[in-house]
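Visitor: So here's structure.csv (CSV, C-alpha atoms).
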```csv
chain,number,residue,atom,x,y,z
A,1,MET,CA,-9.0,-14.0,-13.5
A,2,ARG,CA,-12.5,-14.2,-12.2
A,3,ILE,CA,-14.6,-12.1,-9.9
A,4,LYS,CA,-16.8,-14.3,-7.7
A,5,GLN,CA,-19.6,-13.3,-5.3
A,6,ILE,CA,-19.2,-14.7,-1.8
A,7,PHE,CA,-21.7,-15.0,1.0
A,8,GLU,CA,-21.5,-14.7,4.8
A,9,LYS,CA,-23.2,-18.1,5.2
A,10,ASP,CA,-20.2,-19.8,3.6
A,11,TYR,CA,-17.9,-18.4,6.3
A,12,PRO,CA,-19.2,-19.6,9.6
A,13,ASP,CA,-16.2,-18.0,11.5
A,14,ASN,CA,-16.5,-14.8,9.4
A,15,LYS,CA,-13.7,-13.9,6.9
A,16,LYS,CA,-10.7,-12.2,8.5
A,17,VAL,CA,-9.4,-9.1,6.8
A,18,VAL,CA,-6.0,-7.4,7.3
A,19,VAL,CA,-5.5,-3.9,6.2
A,20,GLU,CA,-1.9,-2.9,6.3
A,21,TYR,CA,0.0,-0.1,4.6
A,22,THR,CA,3.1,2.1,4.9
A,23,SER,CA,3.2,5.7,3.7
A,24,GLY,CA,5.9,8.3,3.2
A,25,TYR,CA,3.3,11.1,3.0
A,26,TYR,CA,0.1,12.3,4.4
A,27,TYR,CA,-2.3,15.2,3.6
A,28,LYS,CA,-2.1,17.8,6.3
A,29,LEU,CA,-5.2,20.1,6.7
A,30,GLU,CA,-4.5,23.8,7.0
A,31,SER,CA,-7.6,25.8,7.6
A,32,LYS,CA,-8.2,29.5,8.1
A,33,LYS,CA,-11.2,31.3,9.3
A,34,LYS,CA,-12.2,34.2,7.1
A,35,PRO,CA,-12.7,37.5,8.7
A,36,LYS,CA,-16.1,38.5,10.0
A,37,SER,CA,-17.3,34.9,10.2
A,38,GLU,CA,-17.8,34.7,6.5
A,39,GLY,CA,-16.6,31.1,6.2
A,40,TRP,CA,-13.4,29.0,6.1
A,41,ILE,CA,-10.6,28.3,3.7
A,42,PHE,CA,-9.3,24.7,3.7
A,43,GLU,CA,-6.1,23.4,2.0
A,44,TRP,CA,-4.8,19.9,2.1
A,45,LYS,CA,-1.0,19.8,1.7
A,46,LYS,CA,1.0,16.7,0.8
A,47,THR,CA,3.5,16.5,3.7
A,48,PRO,CA,6.3,14.0,4.2
A,49,PHE,CA,6.4,11.9,7.4
A,50,LYS,CA,9.6,12.2,9.4
A,51,GLU,CA,9.6,8.4,9.5
A,52,LYS,CA,7.6,5.9,7.4
A,53,PHE,CA,4.0,5.7,8.7
A,54,ARG,CA,2.7,2.2,9.3
A,55,LYS,CA,-0.9,1.1,9.9
A,56,LYS,CA,-2.3,-2.3,10.5
A,57,TRP,CA,-5.9,-3.2,11.3
A,58,GLU,CA,-7.4,-6.6,11.5
A,59,GLY,CA,-11.1,-7.4,11.5
A,60,ASN,CA,-14.0,-9.2,10.0
A,61,LEU,CA,-15.3,-8.7,6.5
A,62,PHE,CA,-18.9,-9.4,7.4
A,63,GLU,CA,-20.0,-6.7,9.8
A,64,LEU,CA,-23.5,-5.7,11.1
A,65,TYR,CA,-23.1,-2.1,9.8
A,66,LYS,CA,-22.8,-3.4,6.2
A,67,THR,CA,-26.5,-4.2,6.3
A,68,LYS,CA,-27.1,-4.9,2.6
A,69,ALA,CA,-23.5,-5.3,1.3
A,70,GLU,CA,-22.5,-7.5,-1.6
A,71,TYR,CA,-19.1,-9.2,-1.3
A,72,TYR,CA,-16.8,-10.3,-4.1
A,73,ILE,CA,-13.3,-11.8,-4.4
A,74,LEU,CA,-11.0,-11.7,-7.3
A,75,GLU,CA,-9.2,-15.0,-8.0
A,76,ASN,CA,-6.5,-16.0,-10.3
A,77,THR,CA,-6.7,-19.1,-12.5
A,78,ASN,CA,-5.4,-21.2,-9.6
A,79,ASN,CA,-8.3,-20.1,-7.4
A,80,LYS,CA,-5.9,-18.0,-5.3
A,81,GLU,CA,-7.5,-14.9,-3.8
A,82,ILE,CA,-6.0,-11.7,-5.2
A,83,GLY,CA,-8.4,-9.2,-3.8
A,84,LEU,CA,-11.8,-8.4,-2.4
A,85,LEU,CA,-14.6,-5.9,-2.8
A,86,ALA,CA,-17.6,-5.1,-0.5
A,87,PHE,CA,-20.1,-2.5,-1.4
A,88,GLU,CA,-23.7,-1.5,-0.7
A,89,GLN,CA,-26.3,0.5,-2.5
A,90,LEU,CA,-27.6,3.3,-0.3
A,91,SER,CA,-31.2,3.7,-1.2
A,92,HIS,CA,-31.7,6.9,0.8
A,93,SER,CA,-29.0,8.8,-1.2
A,94,ASN,CA,-28.9,6.7,-4.4
A,95,ARG,CA,-25.2,6.2,-4.0
A,96,THR,CA,-23.0,3.1,-3.8
A,97,ARG,CA,-20.8,2.9,-0.7
A,98,ILE,CA,-17.5,1.0,-1.1
A,99,TRP,CA,-16.9,-0.6,2.2
A,100,ASP,CA,-13.8,-2.5,1.3
A,101,ILE,CA,-11.6,-2.8,-1.8
A,102,MET,CA,-8.3,-4.5,-1.2
A,103,ILE,CA,-5.6,-6.3,-3.2
A,104,GLN,CA,-3.1,-8.6,-1.6
A,105,PRO,CA,0.3,-6.8,-1.3
A,106,GLU,CA,2.1,-9.1,-3.7
A,107,TYR,CA,-0.5,-8.4,-6.4
A,108,GLN,CA,-0.7,-4.6,-6.0
A,109,ARG,CA,0.2,-2.2,-8.8
A,110,ASN,CA,-0.7,-4.7,-11.5
A,111,GLY,CA,-4.1,-3.3,-12.5
A,112,TYR,CA,-6.2,-5.6,-10.2
A,113,GLY,CA,-7.6,-2.7,-8.1
A,114,THR,CA,-8.7,-0.9,-11.3
A,115,LEU,CA,-10.3,-4.1,-12.5
A,116,LEU,CA,-12.4,-4.4,-9.3
A,117,MET,CA,-13.2,-0.7,-9.6
A,118,LYS,CA,-14.5,-1.0,-13.2
A,119,PHE,CA,-16.5,-4.1,-12.1
A,120,LEU,CA,-18.1,-2.1,-9.3
A,121,GLU,CA,-18.8,0.9,-11.6
A,122,THR,CA,-20.6,-1.4,-14.0
A,123,LYS,CA,-22.7,-2.8,-11.1
A,124,ALA,CA,-23.4,0.6,-9.7
A,125,ARG,CA,-24.6,1.9,-13.1
A,126,LYS,CA,-26.9,-1.0,-13.5
A,127,LEU,CA,-28.4,-0.1,-10.1
A,128,LYS,CA,-28.7,3.5,-11.4
A,129,SER,CA,-26.5,4.8,-8.7
A,130,ARG,CA,-25.6,8.4,-9.0
A,131,ALA,CA,-22.2,8.2,-7.3
A,132,LEU,CA,-19.6,5.9,-5.7
A,133,VAL,CA,-18.4,7.0,-2.3
A,134,LEU,CA,-15.8,5.7,0.2
A,135,GLU,CA,-13.8,6.5,3.2
A,136,CYS,CA,-10.0,6.8,3.2
A,137,GLN,CA,-7.4,8.1,5.7
A,138,ASN,CA,-5.3,11.1,4.9
A,139,THR,CA,-2.3,9.0,5.8
A,140,ASN,CA,-2.9,6.4,3.1
A,141,HIS,CA,-1.2,8.3,0.3
A,142,LYS,CA,-1.0,5.3,-2.1
A,143,ALA,CA,-4.8,4.6,-1.8
A,144,ILE,CA,-5.6,8.3,-2.3
A,145,ASN,CA,-3.5,8.3,-5.5
A,146,PHE,CA,-5.3,5.1,-6.7
A,147,TYR,CA,-8.7,6.7,-6.1
A,148,LEU,CA,-7.7,9.9,-7.8
A,149,LYS,CA,-6.5,7.9,-10.8
A,150,ASN,CA,-9.9,6.2,-10.9
A,151,GLY,CA,-11.8,9.4,-11.1
A,152,PHE,CA,-12.6,10.1,-7.4
A,153,ASN,CA,-12.4,13.5,-5.7
A,154,LEU,CA,-12.4,14.7,-2.1
A,155,ILE,CA,-16.0,15.3,-1.1
A,156,GLY,CA,-15.7,15.8,2.6
A,157,PHE,CA,-13.7,15.1,5.8
A,158,ASP,CA,-14.2,14.3,9.5
A,159,LEU,CA,-11.7,15.6,11.9
A,160,GLU,CA,-13.2,13.7,14.8
A,161,ALA,CA,-13.5,10.2,13.3
A,162,TYR,CA,-10.4,8.8,14.9
A,163,THR,CA,-9.0,9.1,18.4
A,164,GLN,CA,-5.7,10.8,19.0
A,165,GLU,CA,-4.1,7.4,19.7
A,166,GLN,CA,-4.9,6.3,16.1
A,167,GLY,CA,-2.5,7.5,13.4
A,168,GLY,CA,-0.3,9.4,15.9
A,169,GLY,CA,-3.0,12.1,16.3
A,170,ILE,CA,-2.8,13.2,12.6
A,171,GLU,CA,-5.2,10.8,11.0
A,172,VAL,CA,-8.3,12.3,9.4
A,173,ARG,CA,-11.2,10.5,7.7
A,174,LEU,CA,-11.5,11.6,4.1
A,175,GLU,CA,-14.7,11.0,2.1
A,176,MET,CA,-14.0,10.5,-1.6
A,177,GLY,CA,-16.6,10.2,-4.3
A,178,LYS,CA,-17.0,9.7,-8.0
A,179,ASN,CA,-20.1,11.2,-9.7
A,180,LEU,CA,-21.6,8.6,-12.1
A,181,SER,CA,-24.6,10.6,-13.4
A,182,SER,CA,-22.5,13.1,-15.5
A,183,ILE,CA,-20.1,10.6,-16.9
```
Go ahead and render the structure in this file as structure tokens.

Guide:
Amino acid sequence: MRIKQIFEKDYPDNKKVVVEYTSGYYYKLESKKKPKSEGWIFEWKKTPFKEKFRKKWEGNLFELYKTKAEYYILENTNNKEIGLLAFEQLSHSNRTRIWDIMIQPEYQRNGYGTLLMKFLETKARKLKSRALVLECQNTNHKAINFYLKNGFNLIGFDLEAYTQEQGGGIEVRLEMGKNLSSI
């Protein structure tokens, strides 16, 4: 196994990325307004889908909004790509944003995602980053479990990030984070 940095200039037609997952569960938000406008109570409940949820998205790895991102691929000894990682140090908040962390489906659940996460955490600590942050969908139950297993917690959510057509109208953007300064 080796983790190798890659560069946009080496991919004149960009690098295509396919994100695809199925899920039997999602996290449903239940919120209640406290009396007398004193705040809100939020609860995320693990809820089964009536039918398996499937999501597929295709795009480019190198995107303009990833202004200062670093890109890496994880290869096996035969130079076959197993996974990829894209992240960026956010100087305004001294955090490291994970843009992409993916493992090819046939290699998932073998520790490769954790290997990339440990690699990233080492890089982030060298940059003196105070936290790792990422976006995940409430419908991606397996990814949420992976992030929780790797020390992440829910740090926020955005109910308006996706249109009603995306995710059957139930998809919510979750922000997850891992504090590095106290570990």

Visitor: What does the distance between CA of Gly113 (chain A) and CA of Gly83 (chain A) come to in Å, to one decimal place?

Guide: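 Interatomic distance here is 7.8 Å.
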
Visitor: Excluding Glu70 (chain A) and its own-chain neighbours fewer than 2 positions away, which residues fall within 10 Å of it when counting all atoms listed in the file? Please give them as a PyMOL selection string.

Guide: chain A and resi 5-8+62+66-68+72+85-89+98-99

Visitor: Report, in Å with one decimal, the straight-line distance from CA of Ile82 (chain A) to CA of Arg173 (chain A).

Guide: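 CA of Arg173 (chain A) lies 26.2 Å from CA of Ile82 (chain A).
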
Visitor: List every residue of region 35-128 of chain A that has an atom at most 12 Å from any atom of region 175-179 of chain A, and for each one report the closest atom pair and its distance in Å to one decimal, counting all atoms listed in the file, with rows sorted by chain and then by increasing residue number, as JSON lines.

Guide:
```
{"residue": "A:Asn94", "atom": "CA", "partner": "A:Asn179", "partner_atom": "CA", "distance": 11.2}
{"residue": "A:Arg95", "atom": "CA", "partner": "A:Asn179", "partner_atom": "CA", "distance": 9.1}
{"residue": "A:Thr96", "atom": "CA", "partner": "A:Gly177", "partner_atom": "CA", "distance": 9.6}
{"residue": "A:Arg97", "atom": "CA", "partner": "A:Gly177", "partner_atom": "CA", "distance": 9.2}
{"residue": "A:Ile98", "atom": "CA", "partner": "A:Gly177", "partner_atom": "CA", "distance": 9.8}
{"residue": "A:Trp99", "atom": "CA", "partner": "A:Glu175", "partner_atom": "CA", "distance": 11.8}
{"residue": "A:Met117", "atom": "CA", "partner": "A:Lys178", "partner_atom": "CA", "distance": 11.2}
{"residue": "A:Leu120", "atom": "CA", "partner": "A:Lys178", "partner_atom": "CA", "distance": 11.9}
{"residue": "A:Glu121", "atom": "CA", "partner": "A:Lys178", "partner_atom": "CA", "distance": 9.7}
{"residue": "A:Ala124", "atom": "CA", "partner": "A:Asn179", "partner_atom": "CA", "distance": 11.1}
{"residue": "A:Arg125", "atom": "CA", "partner": "A:Asn179", "partner_atom": "CA", "distance": 10.9}
{"residue": "A:Lys128", "atom": "CA", "partner": "A:Asn179", "partner_atom": "CA", "distance": 11.7}
```

Visitor: What's the separation between CA of Glu63 (chain A) and CA of Lys123 (chain A), in Å to one decimal place?

Guide: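 Taking CA of Glu63 (chain A) and CA of Lys123 (chain A), their separation equals 21.4 Å.
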